[in-house]
Structure formats: structure tokens, C-alpha cells
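Novice: Data file final-v5.csv (CSV, C-alpha atoms) is appended below.
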chain,number,residue,atom,x,y,z
R,1,CYS,CA,-45.4,41.2,-33.0
R,2,CYS,CA,-44.7,37.6,-34.1
R,3,CYS,CA,-42.3,36.3,-36.7
R,4,MET,CA,-42.2,33.0,-38.5
R,5,ASP,CA,-39.1,31.3,-39.9
R,6,ALA,CA,-40.3,29.4,-43.1
R,7,ARG,CA,-38.0,26.8,-44.8
R,8,ARG,CA,-38.3,25.1,-48.2
R,9,ASN,CA,-37.7,21.6,-46.8
R,10,GLN,CA,-40.1,21.7,-43.9
R,11,VAL,CA,-42.6,24.5,-44.5
R,12,TYR,CA,-42.3,26.0,-41.1
R,13,ASN,CA,-39.3,26.1,-38.7
R,14,ALA,CA,-40.2,28.3,-35.8
R,15,LEU,CA,-42.6,30.9,-34.5
R,16,PHE,CA,-41.5,33.6,-32.1
R,17,GLU,CA,-42.9,36.6,-30.3
R,18,ILE,CA,-41.5,39.1,-27.8
R,19,SER,CA,-41.8,38.3,-24.1
R,20,ASP,CA,-40.2,40.6,-21.6
R,21,GLY,CA,-38.0,42.1,-24.4
R,22,VAL,CA,-36.7,38.7,-25.5
R,23,PRO,CA,-37.9,36.6,-28.4
R,24,ALA,CA,-39.8,33.6,-27.1
R,25,ARG,CA,-40.7,30.4,-29.0
R,26,LEU,CA,-44.5,30.1,-29.3
R,27,VAL,CA,-44.6,26.5,-30.3
R,28,PRO,CA,-42.1,23.6,-30.5
R,29,ASP,CA,-39.7,23.7,-33.5
R,30,ARG,CA,-41.1,21.1,-35.9
R,31,ALA,CA,-42.1,20.5,-39.4
R,32,VAL,CA,-45.8,21.0,-40.0
R,33,SER,CA,-48.4,21.0,-42.8
R,34,ILE,CA,-49.7,24.3,-44.1
R,35,GLU,CA,-53.1,23.5,-42.4
R,36,GLN,CA,-51.4,23.1,-39.0
R,37,LEU,CA,-49.4,26.3,-39.6
R,38,ALA,CA,-52.6,28.2,-40.4
R,39,GLY,CA,-54.1,26.9,-37.2
R,40,ASP,CA,-51.2,28.1,-35.2
R,41,LEU,CA,-51.3,31.5,-36.7
R,42,ALA,CA,-55.1,32.0,-36.6
R,43,GLY,CA,-55.2,32.3,-32.9
R,44,LEU,CA,-52.5,35.0,-32.6
R,45,GLY,CA,-54.8,37.9,-33.6
R,46,ARG,CA,-52.0,39.9,-35.2
R,47,THR,CA,-50.0,40.0,-38.4
R,48,ALA,CA,-47.0,37.6,-38.6
R,49,PHE,CA,-43.8,38.5,-40.5
R,50,LEU,CA,-42.5,35.6,-42.7
R,51,VAL,CA,-38.8,35.0,-42.9
R,52,GLY,CA,-36.8,32.4,-44.8
R,53,ASP,CA,-36.6,30.5,-48.1
R,54,GLY,CA,-40.2,29.2,-47.9
R,55,ALA,CA,-41.7,32.6,-47.0
R,56,GLN,CA,-43.0,33.4,-50.5
R,57,LEU,CA,-44.7,30.0,-50.8
R,58,CYS,CA,-46.2,30.2,-47.3
R,59,LEU,CA,-47.5,33.8,-47.9
R,60,GLY,CA,-49.7,32.6,-50.8
R,61,GLN,CA,-50.9,29.5,-49.0
R,62,LEU,CA,-51.7,31.4,-45.8
R,63,THR,CA,-53.3,34.4,-47.5
R,64,VAL,CA,-55.9,32.3,-49.2
R,65,ARG,CA,-56.8,30.8,-45.8
R,66,GLY,CA,-57.4,34.2,-44.4
R,67,ILE,CA,-54.3,34.4,-42.2
R,68,ALA,CA,-52.9,37.9,-41.6
R,69,CYS,CA,-49.2,37.7,-42.6
R,70,ARG,CA,-46.7,39.5,-44.8
R,71,LEU,CA,-43.1,39.1,-46.0
R,72,ALA,CA,-40.3,40.7,-44.1
R,73,PRO,CA,-38.5,43.4,-46.2
R,74,GLY,CA,-36.3,41.9,-48.9
R,75,ALA,CA,-33.0,42.6,-47.1
R,76,LEU,CA,-34.3,40.9,-44.0
R,77,LEU,CA,-35.9,37.9,-45.7
R,78,HIS,CA,-33.0,35.7,-44.9
R,79,GLN,CA,-31.9,37.1,-41.6
R,80,SER,CA,-32.6,35.9,-38.1
R,81,ALA,CA,-36.2,35.4,-37.2
R,82,TRP,CA,-35.5,36.4,-33.7
R,83,GLY,CA,-33.8,39.6,-34.8
R,84,VAL,CA,-36.6,40.5,-37.2
R,85,CYS,CA,-39.1,39.9,-34.4
R,86,MET,CA,-37.3,42.2,-32.1
R,87,ALA,CA,-37.2,44.9,-34.8
R,88,ALA,CA,-40.9,44.6,-35.5
R,89,VAL,CA,-42.0,45.2,-31.9
R,90,GLY,CA,-44.6,47.9,-31.7
R,91,ARG,CA,-44.8,48.5,-35.5
R,92,GLU,CA,-47.7,48.1,-37.8
R,93,PRO,CA,-47.3,45.8,-40.8
R,94,GLU,CA,-47.3,49.0,-43.0
R,95,ASP,CA,-44.1,50.0,-41.3
R,96,ALA,CA,-42.2,46.9,-42.4
R,97,GLY,CA,-39.9,49.0,-44.6
R,98,ALA,CA,-38.5,50.7,-41.5
R,99,LEU,CA,-37.4,47.3,-40.0
R,100,LEU,CA,-34.0,47.1,-41.7
R,101,PRO,CA,-32.2,50.0,-39.8
R,102,VAL,CA,-33.8,48.9,-36.6
R,103,TYR,CA,-32.6,45.3,-37.2
R,104,LEU,CA,-29.1,46.5,-37.9
R,105,ARG,CA,-29.0,48.6,-34.7
R,106,LEU,CA,-30.4,45.8,-32.6
R,107,SER,CA,-27.9,43.3,-34.1
R,108,GLN,CA,-25.0,45.5,-33.3
R,109,ALA,CA,-26.3,46.2,-29.8
R,110,GLU,CA,-26.8,42.5,-29.2
R,111,ARG,CA,-23.4,41.6,-30.4
R,112,GLU,CA,-21.8,44.2,-28.1
R,113,ARG,CA,-24.0,42.9,-25.2
R,114,GLN,CA,-23.0,39.3,-25.9
R,115,ALA,CA,-19.3,40.2,-26.0
R,116,ARG,CA,-19.6,42.1,-22.7
R,117,LEU,CA,-21.4,39.3,-21.0
R,118,THR,CA,-19.0,36.7,-22.4
R,119,ALA,CA,-16.1,38.7,-21.1
R,120,GLU,CA,-17.8,38.8,-17.7
R,121,GLY,CA,-18.4,35.1,-17.8
R,122,ARG,CA,-22.2,35.5,-18.0
R,123,GLY,CA,-24.8,34.2,-20.5
R,124,ALA,CA,-27.2,35.9,-22.9
R,125,ARG,CA,-29.6,36.9,-20.1
R,126,GLY,CA,-26.9,37.6,-17.5
R,127,GLU,CA,-26.8,34.2,-15.9
R,128,GLU,CA,-23.4,32.8,-15.0
R,129,ILE,CA,-22.2,30.3,-17.5
R,130,GLN,CA,-19.9,27.3,-17.2
R,131,SER,CA,-16.8,26.6,-19.2
R,132,PRO,CA,-17.2,24.8,-22.6
R,133,GLY,CA,-18.9,21.5,-22.0
R,134,GLY,CA,-21.2,23.0,-19.4
R,135,ARG,CA,-24.7,24.5,-19.8
R,136,GLY,CA,-23.5,27.7,-21.6
R,137,ARG,CA,-23.8,27.6,-25.4
R,138,PRO,CA,-21.3,29.2,-27.8
R,139,PRO,CA,-22.5,32.5,-29.2
R,140,LEU,CA,-21.8,31.5,-32.9
R,141,PRO,CA,-23.1,28.5,-34.8
R,142,ILE,CA,-19.6,27.7,-36.0
R,143,THR,CA,-16.6,27.1,-33.9
R,144,THR,CA,-12.8,27.5,-34.2
R,145,LYS,CA,-10.2,24.8,-33.7
R,146,GLY,CA,-7.9,25.4,-30.8
R,147,GLU,CA,-10.4,27.5,-28.8
R,148,GLY,CA,-11.7,24.6,-26.6
R,149,ILE,CA,-15.2,24.9,-27.9
R,150,PRO,CA,-16.9,21.6,-29.1
R,151,MET,CA,-16.9,21.3,-32.8
R,152,SER,CA,-20.1,20.9,-34.8
R,153,ASN,CA,-20.1,20.6,-38.6
R,154,GLY,CA,-18.3,24.0,-38.9
R,155,HIS,CA,-14.6,24.5,-39.0
R,156,VAL,CA,-12.6,27.7,-39.0
R,157,PHE,CA,-9.0,27.3,-39.9
R,158,ASP,CA,-6.5,29.2,-37.6
R,159,HIS,CA,-3.3,28.1,-39.4
R,160,PRO,CA,-0.9,31.1,-39.5
R,161,LEU,CA,-0.3,30.9,-43.3
R,162,ILE,CA,-4.0,30.9,-43.9
R,163,GLN,CA,-4.6,33.9,-41.6
R,164,HIS,CA,-1.7,35.8,-43.0
R,165,LYS,CA,-2.8,35.4,-46.6
R,166,LEU,CA,-6.3,36.2,-45.7
R,167,SER,CA,-5.2,39.6,-44.2
R,168,VAL,CA,-3.6,40.5,-47.5
R,169,LEU,CA,-6.6,39.3,-49.4
R,170,ARG,CA,-8.9,41.6,-47.4
R,171,ASP,CA,-6.8,44.8,-48.0
R,172,LYS,CA,-8.7,47.1,-50.4
R,173,ASP,CA,-5.4,48.0,-52.0
R,174,THR,CA,-4.5,44.5,-53.0
R,175,GLY,CA,-4.5,44.4,-56.9
R,176,VAL,CA,-6.3,41.9,-59.1
R,177,LYS,CA,-3.2,39.8,-59.9
R,178,VAL,CA,-2.2,39.3,-56.2
R,179,PHE,CA,-5.8,38.9,-55.1
R,180,ARG,CA,-6.4,36.1,-57.7
R,181,GLU,CA,-3.2,34.3,-56.7
R,182,LEU,CA,-4.1,34.5,-53.0
R,183,VAL,CA,-7.5,33.0,-53.6
R,184,GLY,CA,-5.9,30.1,-55.3
R,185,GLU,CA,-3.3,29.7,-52.5
R,186,LEU,CA,-5.9,29.9,-49.8
R,187,ALA,CA,-8.0,27.3,-51.6
R,188,MET,CA,-5.0,24.9,-51.7
R,189,LEU,CA,-4.2,25.4,-48.0
R,190,MET,CA,-7.8,24.9,-47.0
R,191,CYS,CA,-8.2,21.9,-49.2
R,192,TYR,CA,-5.3,20.3,-47.5
R,193,GLU,CA,-7.2,20.6,-44.2
R,194,ALA,CA,-10.6,19.8,-45.6
R,195,THR,CA,-9.5,16.5,-47.0
R,196,ARG,CA,-7.9,15.3,-43.8
R,197,ASP,CA,-10.5,12.6,-43.3
R,198,LEU,CA,-9.8,10.8,-46.7
R,199,PRO,CA,-9.5,7.1,-46.1
R,200,LEU,CA,-6.1,5.5,-46.5
R,201,GLU,CA,-4.9,1.9,-47.4
R,202,GLU,CA,-1.6,0.2,-46.9
R,203,VAL,CA,0.5,-0.6,-49.9
R,204,GLU,CA,4.0,-2.0,-50.5
R,205,ILE,CA,6.4,0.2,-52.4
R,206,GLU,CA,9.9,-0.7,-53.7
R,207,THR,CA,12.2,2.1,-52.8
R,208,PRO,CA,15.8,2.2,-54.2
R,209,VAL,CA,16.9,0.7,-50.9
R,210,ALA,CA,14.2,-1.7,-49.7
R,211,THR,CA,10.5,-2.6,-49.6
R,212,ALA,CA,8.4,-0.2,-47.6
R,213,LYS,CA,4.9,-0.4,-46.3
R,214,CYS,CA,3.2,3.0,-47.1
R,215,ARG,CA,-0.2,4.5,-47.1
R,216,GLN,CA,-2.1,5.8,-50.1
R,217,ILE,CA,-5.6,7.3,-50.5
R,218,ALA,CA,-8.0,4.4,-50.8
R,219,GLY,CA,-9.4,5.0,-54.3
R,220,LYS,CA,-11.7,7.8,-53.2
R,221,LYS,CA,-13.4,9.6,-56.1
R,222,LEU,CA,-13.6,13.3,-55.6
R,223,ALA,CA,-15.1,16.3,-57.4
R,224,VAL,CA,-14.8,20.0,-57.0
R,225,VAL,CA,-17.8,22.1,-57.8
R,226,PRO,CA,-17.4,25.9,-58.0
R,227,ILE,CA,-20.4,28.1,-57.8
R,228,LEU,CA,-20.1,30.5,-60.7
R,229,ARG,CA,-18.5,32.8,-61.0
R,230,ALA,CA,-16.4,33.6,-58.0
R,231,GLY,CA,-15.9,29.9,-57.1
R,232,LEU,CA,-13.8,29.5,-60.3
R,233,GLY,CA,-11.0,31.4,-58.5
R,234,MET,CA,-10.6,28.5,-56.0
R,235,VAL,CA,-10.4,25.7,-58.5
R,236,ASP,CA,-6.8,25.9,-59.8
R,237,GLY,CA,-5.3,25.7,-56.3
R,238,MET,CA,-7.3,22.6,-55.5
R,239,VAL,CA,-6.6,20.9,-58.8
R,240,ALA,CA,-2.9,21.6,-58.2
R,241,LEU,CA,-3.1,19.7,-55.0
R,242,MET,CA,-5.4,16.9,-56.4
R,243,PRO,CA,-4.6,16.7,-60.2
R,244,ASN,CA,-6.9,13.8,-60.9
R,245,VAL,CA,-10.0,15.4,-59.4
R,246,LYS,CA,-13.0,16.0,-61.6
R,247,VAL,CA,-14.6,19.5,-61.8
R,248,GLY,CA,-18.3,20.3,-62.2
R,249,HIS,CA,-19.8,23.8,-62.5
R,250,ILE,CA,-23.1,25.2,-61.2
R,251,GLY,CA,-24.6,28.6,-61.9
R,252,LEU,CA,-27.5,30.0,-60.0
R,253,TYR,CA,-29.8,33.1,-59.9
R,254,ARG,CA,-32.7,33.9,-57.7
R,255,ASP,CA,-36.2,34.2,-59.3
R,256,PRO,CA,-37.4,37.8,-58.4
R,257,GLU,CA,-41.0,36.6,-58.0
R,258,THR,CA,-40.7,33.3,-56.1
R,259,LEU,CA,-37.3,34.1,-54.5
R,260,GLU,CA,-36.3,30.5,-55.2
R,261,PRO,CA,-32.9,29.6,-56.7
R,262,VAL,CA,-32.9,28.7,-60.3
R,263,LYS,CA,-30.1,26.8,-62.2
R,264,TYR,CA,-28.9,28.5,-65.3
R,265,TYR,CA,-26.0,26.1,-65.7
R,266,PHE,CA,-25.4,22.7,-64.2
R,267,LYS,CA,-22.6,20.5,-65.7
R,268,MET,CA,-21.3,17.6,-63.7
R,269,PRO,CA,-19.1,14.6,-64.4
R,270,PRO,CA,-21.2,11.7,-65.5
R,271,ASP,CA,-20.5,9.7,-62.3
R,272,ILE,CA,-21.1,12.6,-59.9
R,273,SER,CA,-23.4,10.5,-57.8
R,274,GLU,CA,-20.5,8.2,-57.0
R,275,ARG,CA,-18.2,11.0,-55.9
R,276,ASP,CA,-17.6,13.0,-52.8
R,277,VAL,CA,-18.1,16.7,-53.6
R,278,ILE,CA,-16.4,19.8,-52.3
R,279,ILE,CA,-18.5,22.9,-53.2
R,280,VAL,CA,-16.3,26.1,-53.4
R,281,ASP,CA,-17.4,29.7,-53.2
R,282,PRO,CA,-15.2,32.4,-51.7
R,283,MET,CA,-18.0,34.0,-49.7
R,284,LEU,CA,-20.7,32.4,-47.6
R,285,ALA,CA,-23.0,35.4,-47.0
R,286,THR,CA,-26.8,34.6,-46.8
R,287,GLY,CA,-26.1,31.0,-47.6
R,288,GLY,CA,-28.8,31.0,-50.3
R,289,SER,CA,-26.5,30.0,-53.2
R,290,ALA,CA,-24.7,27.4,-51.2
R,291,ALA,CA,-27.8,25.8,-49.8
R,292,ALA,CA,-29.3,25.7,-53.3
R,293,ALA,CA,-26.1,24.2,-54.7
R,294,VAL,CA,-26.2,21.4,-52.1
R,295,MET,CA,-29.9,20.8,-52.8
R,296,PHE,CA,-29.3,20.4,-56.6
R,297,LEU,CA,-26.3,18.1,-56.0
R,298,LYS,CA,-28.4,15.9,-53.7
R,299,GLU,CA,-31.1,15.8,-56.4
R,300,ALA,CA,-28.3,14.5,-58.7
R,301,GLY,CA,-27.6,11.7,-56.3
R,302,VAL,CA,-24.6,13.0,-54.4
R,303,LYS,CA,-24.4,11.7,-50.9
R,304,HIS,CA,-21.3,13.2,-49.4
R,305,ILE,CA,-20.8,17.0,-49.7
R,306,LYS,CA,-18.5,19.6,-48.1
R,307,LEU,CA,-18.7,23.4,-48.5
R,308,MET,CA,-15.5,25.4,-48.5
R,309,SER,CA,-15.6,29.2,-48.4
R,310,ILE,CA,-12.8,31.7,-47.6
R,311,ILE,CA,-15.0,33.9,-45.5
R,312,GLY,CA,-18.4,33.1,-43.9
R,313,ALA,CA,-21.1,35.2,-42.2
R,314,PRO,CA,-23.0,33.8,-39.1
R,315,GLU,CA,-26.3,34.2,-41.1
R,316,GLY,CA,-25.0,32.0,-43.9
R,317,VAL,CA,-23.5,29.4,-41.6
R,318,ALA,CA,-26.8,29.2,-39.6
R,319,ARG,CA,-28.8,28.7,-42.7
R,320,MET,CA,-26.6,25.9,-44.0
R,321,GLN,CA,-26.6,24.1,-40.7
R,322,SER,CA,-30.4,24.4,-40.6
R,323,GLU,CA,-31.1,23.2,-44.1
R,324,HIS,CA,-28.2,20.8,-44.6
R,325,PRO,CA,-26.8,19.7,-41.2
R,326,ASP,CA,-25.1,16.8,-42.9
R,327,VAL,CA,-22.7,19.1,-44.9
R,328,ASP,CA,-19.4,20.1,-43.3
R,329,ILE,CA,-18.5,23.8,-43.6
R,330,PHE,CA,-14.9,25.0,-43.9
R,331,VAL,CA,-14.0,28.7,-43.7
R,332,ALA,CA,-10.8,30.6,-43.1
R,333,ALA,CA,-12.7,33.3,-41.1
R,334,LEU,CA,-16.1,33.8,-39.6
R,335,ASP,CA,-16.9,37.5,-39.8
R,336,ASP,CA,-19.3,39.6,-37.9
R,337,HIS,CA,-22.6,40.1,-39.9
R,338,LEU,CA,-24.2,41.0,-43.2
R,339,ASN,CA,-24.9,44.7,-44.0
R,340,GLU,CA,-28.0,46.1,-45.6
R,341,HIS,CA,-26.7,45.2,-49.0
R,342,GLY,CA,-25.9,41.6,-48.1
R,343,TYR,CA,-22.1,42.1,-48.0
R,344,ILE,CA,-20.1,40.3,-45.3
R,345,VAL,CA,-18.7,42.8,-42.7
R,346,PRO,CA,-15.8,43.3,-42.5
R,347,GLY,CA,-15.4,40.9,-45.4
R,348,LEU,CA,-13.4,41.8,-48.5
R,349,GLY,CA,-15.9,43.2,-50.9
R,350,ASP,CA,-17.2,41.5,-54.0
R,351,ALA,CA,-14.9,38.4,-54.5
R,352,GLY,CA,-16.0,37.9,-58.1
R,353,ASP,CA,-15.2,41.5,-59.1
R,354,ARG,CA,-11.9,41.4,-57.4
R,355,ILE,CA,-10.9,38.1,-58.9
R,356,PHE,CA,-11.8,39.0,-62.5
R,357,GLY,CA,-11.1,42.8,-62.3
R,358,THR,CA,-14.7,43.7,-63.3
R,359,LYS,CA,-15.1,46.6,-60.9
Transcribe the structure of this file into C-alpha cells.
Specialist:
Amino acid sequence: CCCMDARRNQVYNALFEISDGVPARLVPDRAVSIEQLAGDLAGLGRTAFLVGDGAQLCLGQLTVRGIACRLAPGALLHQSAWGVCMAAVGREPEDAGALLPVYLRLSQAERERQARLTAEGRGARGEEIQSPGGRGRPPLPITTKGEGIPMSNGHVFDHPLIQHKLSVLRDKDTGVKVFRELVGELAMLMCYEATRDLPLEEVEIETPVATAKCRQIAGKKLAVVPILRAGLGMVDGMVALMPNVKVGHIGLYRDPETLEPVKYYFKMPPDISERDVIIVDPMLATGGSAAAAVMFLKEAGVKHIKLMSIIGAPEGVARMQSEHPDVDIFVAALDDHLNEHGYIVPGLGDAGDRIFGTK
């Protein structure tokens, strides 16, 4: 079995097969043309499963070139190429529908194995690993402040107030009123941390007693952009903290044929290209909506973007870091995985329904 990870922005990300029970990279990770990709796949002599945002496009282009390939099942289309490859071992292409339960079992087993090896101070294949900074790599693509692991562009907030409010937010018995208030409060607390890098300038202020040299934000122009509809719940808390911020809105849906994101609403301040933007969405699950929102904002000329979500899944974080490594990601918690319905586990359910009381 082999599995290909296809991306919108580079056609082809990686090609794996199973070697000694472990996914092995067949070719270097690189951007290639469709002709180069067809050449790589032609010599395999077996069907390749396509995974990722560019899978639908690649399927059509490869099929007309006589390459044996097929899409991974819908629920697996945006999951780990390594995991899908493992699940597909020994199965014919016609058995692709049976991959999901196998993938979920393997994912759980691998997480348990990784946790056990980490506790024993050993790496993914059982080798001894060094402390952070050595040759061992962290098991997740996003890291937590205060745990001694080098930070990338992912930040998990461990502030006690954030963690306390998040625990109440997760509770299935928390009502709509309290849930909505907590989302706003969490957004305010997270915004406080996410804006820590705003530039300051020194100014002179006349106090009732004397002249003082103080520091103010150096004229930075900001915008908050919620992804509809759940992102709306985070806006009020951020506006309360930054009353002069401009607010844009973006609505997305996924085309059932091409699987590509489509804008159904996109309304931004006229000077959005001159502003630093914070995209807000309570849940970073597959990362599809967030990645698309970043793409559309970049097309509008925005150069500096951050993403702020209350809960993230490793799959969504990995996708964002792959497609938009220049975007900083801020979450209050990084949960375990996505289930077969695309919900974050343990998560908090459907954030939009719980904010607006529609379920």
C-alpha cells in the first residue's frame, strides 16, 4: 500500500509506504509538477490512496494519465497520510470504506504506545531519547508554554483562569447563557496573551502630580475576523479589550464535488491589507476552514495573520502548520484527536450550537 498527501499550494507533499510495519517516505518531501508526480507513482505498480486538500484535483489529473489511484474515504481525506497508509496495509482499493475504523483503532493504539514510550524515556521506535533540545522530537506539532519544549508557531495557554473556565465550558450540563459568557471571557483572556508582541512607543504623559514617561501601543492597526458562525461568540470579548479594533466576517462552506472551500460571505474593512488580523474560531478541528480563511485573507493582501481557537486538534494544527507556517496559532487546549464525525475528542461538542442554543 502507498499513500500520497496532496496539498493545494504545492500539488504533492509526501508519498509513503509501509516498511517493517512503519510508514516510510518513498521520495523527498517537495513540491512537484503533476507530470513528476505521475512519474513517481507510475513505477509503484499498485494503487495509491490520495489524502489532503489537493486530492480531488490530483485524482482527475492522475487518472487521465493512467495512474492507479483513488481518494481516501471522506472521513479520512484530511487525516494523517501516515495513518491512512497504515490502515490500508493489505487491503484492496475496493475495501477503502473499511479504512476508517482501522485508522481510528491504529490512532488510539499509536497514541497509547507513544505515551508509554515517552514515560519510559524512549522514542517512537523504542530508541532512547534525550531531553528537549536533543535529538528526540516532541510528539505533537504544537507545544505548551512552561513544559520546557521548544516553541514553534503554536501556543497553548496554561494560565489557571483560562484552564478553569475551559473546564466549565466543556461540561455538557453548562447552559447556553453561561457557555456564551465563557466563550467571550476566554476570548478576552486569550487575546491578552496573543497580543503580547504588539510594538510600544514611549510617550510623555502629564499626571496630576508630574510628567511621566509611559509606553503606548505604537499605532498598530488590528482587525478581528470571526469565521461564521461560531467565531462570532469570541468577538465581544476581544472588542471589550480592544474597543477600536475593526471587525471583518468570513463565511465558508465546502463544495461537495471539488471539496474545495467556497466563500459565501466575505466582508472586510476597506483597509484590511494594512492591518494585522486575528482570525477567531472556537474549534480548530480538521483545519480546513481556518486554512481557507487564511488563504482568502492573504489573497486580500493581508500580510500578518494569527489564528486563535479555544480548542485545537492535532490534525488541524498540523494542517495549518503545513499550509501556513507563517501563521501563529493560539489555543487554550490541544485535545487528543478527531472522531469519525470530525468532532474534537474530548472537545466540547458543537460550539456554534452551544453558543446560539440551536441544538
Novice: Give me the residues within 7 Å of range 172-188 of chain R as a PyMOL selection string, counting only C-alpha atoms and dropping any in the same chain fewer than 3 places off.
Specialist: chain R and resi 162+165+168-169+191-192+233-234+236-238+241+354-355+357
Novice: Would you kindly return, as JSON, numbers by chain, each protein, DNA or RNA residue with an atom no farther than 10 Å from any atom of Leu232 in chain R, considering all atoms listed in the file and excluding same-chain residues fewer than 4 positions away?
Specialist: {"R": [183, 184, 225, 226, 227, 228, 236, 249, 280, 281, 282, 352, 355, 356]}
Novice: Measure the distance from CA of Arg229 in chain R to CA of Asp353 in chain R in Å and round it to one decimal.
Specialist: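 A separation of 9.5 Å between them.
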Novice: Would you please work out which residue, of R:Val247, R:Ile344, R:Gly154, R:Ala223, is nearest to Ile305 in chain R when using all atoms listed in the file?
Specialist: R:Ala223
Novice: Between CA of Leu307 in chain R and CA of Met242 in chain R, what is the spacing in Å?
Specialist: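 Distance between the two atoms: 16.8 Å.
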Novice: Give the answer as one residue: which of R:Cys214, R:Val331, R:Tyr343, R:Val302 has the shortest atom-to-atom distance to Pro270 in chain R, using only C-alpha atoms?
Specialist: R:Val302
Novice: Name all residues at most 10 Å from Asp328 in chain R (count only C-alpha atoms; drop same-chain ones fewer than 6 positions away) and give them as number ranges by chain.
Specialist: R: 152-155, 194, 278, 304-308, 320-321
Novice: Between CA of Pro346 in chain R and CA of Ser167 in chain R, what distance in Å does the model show, to one decimal?
Specialist: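 Distance reported for this atom pair: 11.4 Å.
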Novice: What's the 12 Å shell around Ala212 in chain R, counting all atoms listed in the file, without same-chain residues fewer than 6 positions away, as a PyMOL selection string?
Specialist: chain R and resi 202-206
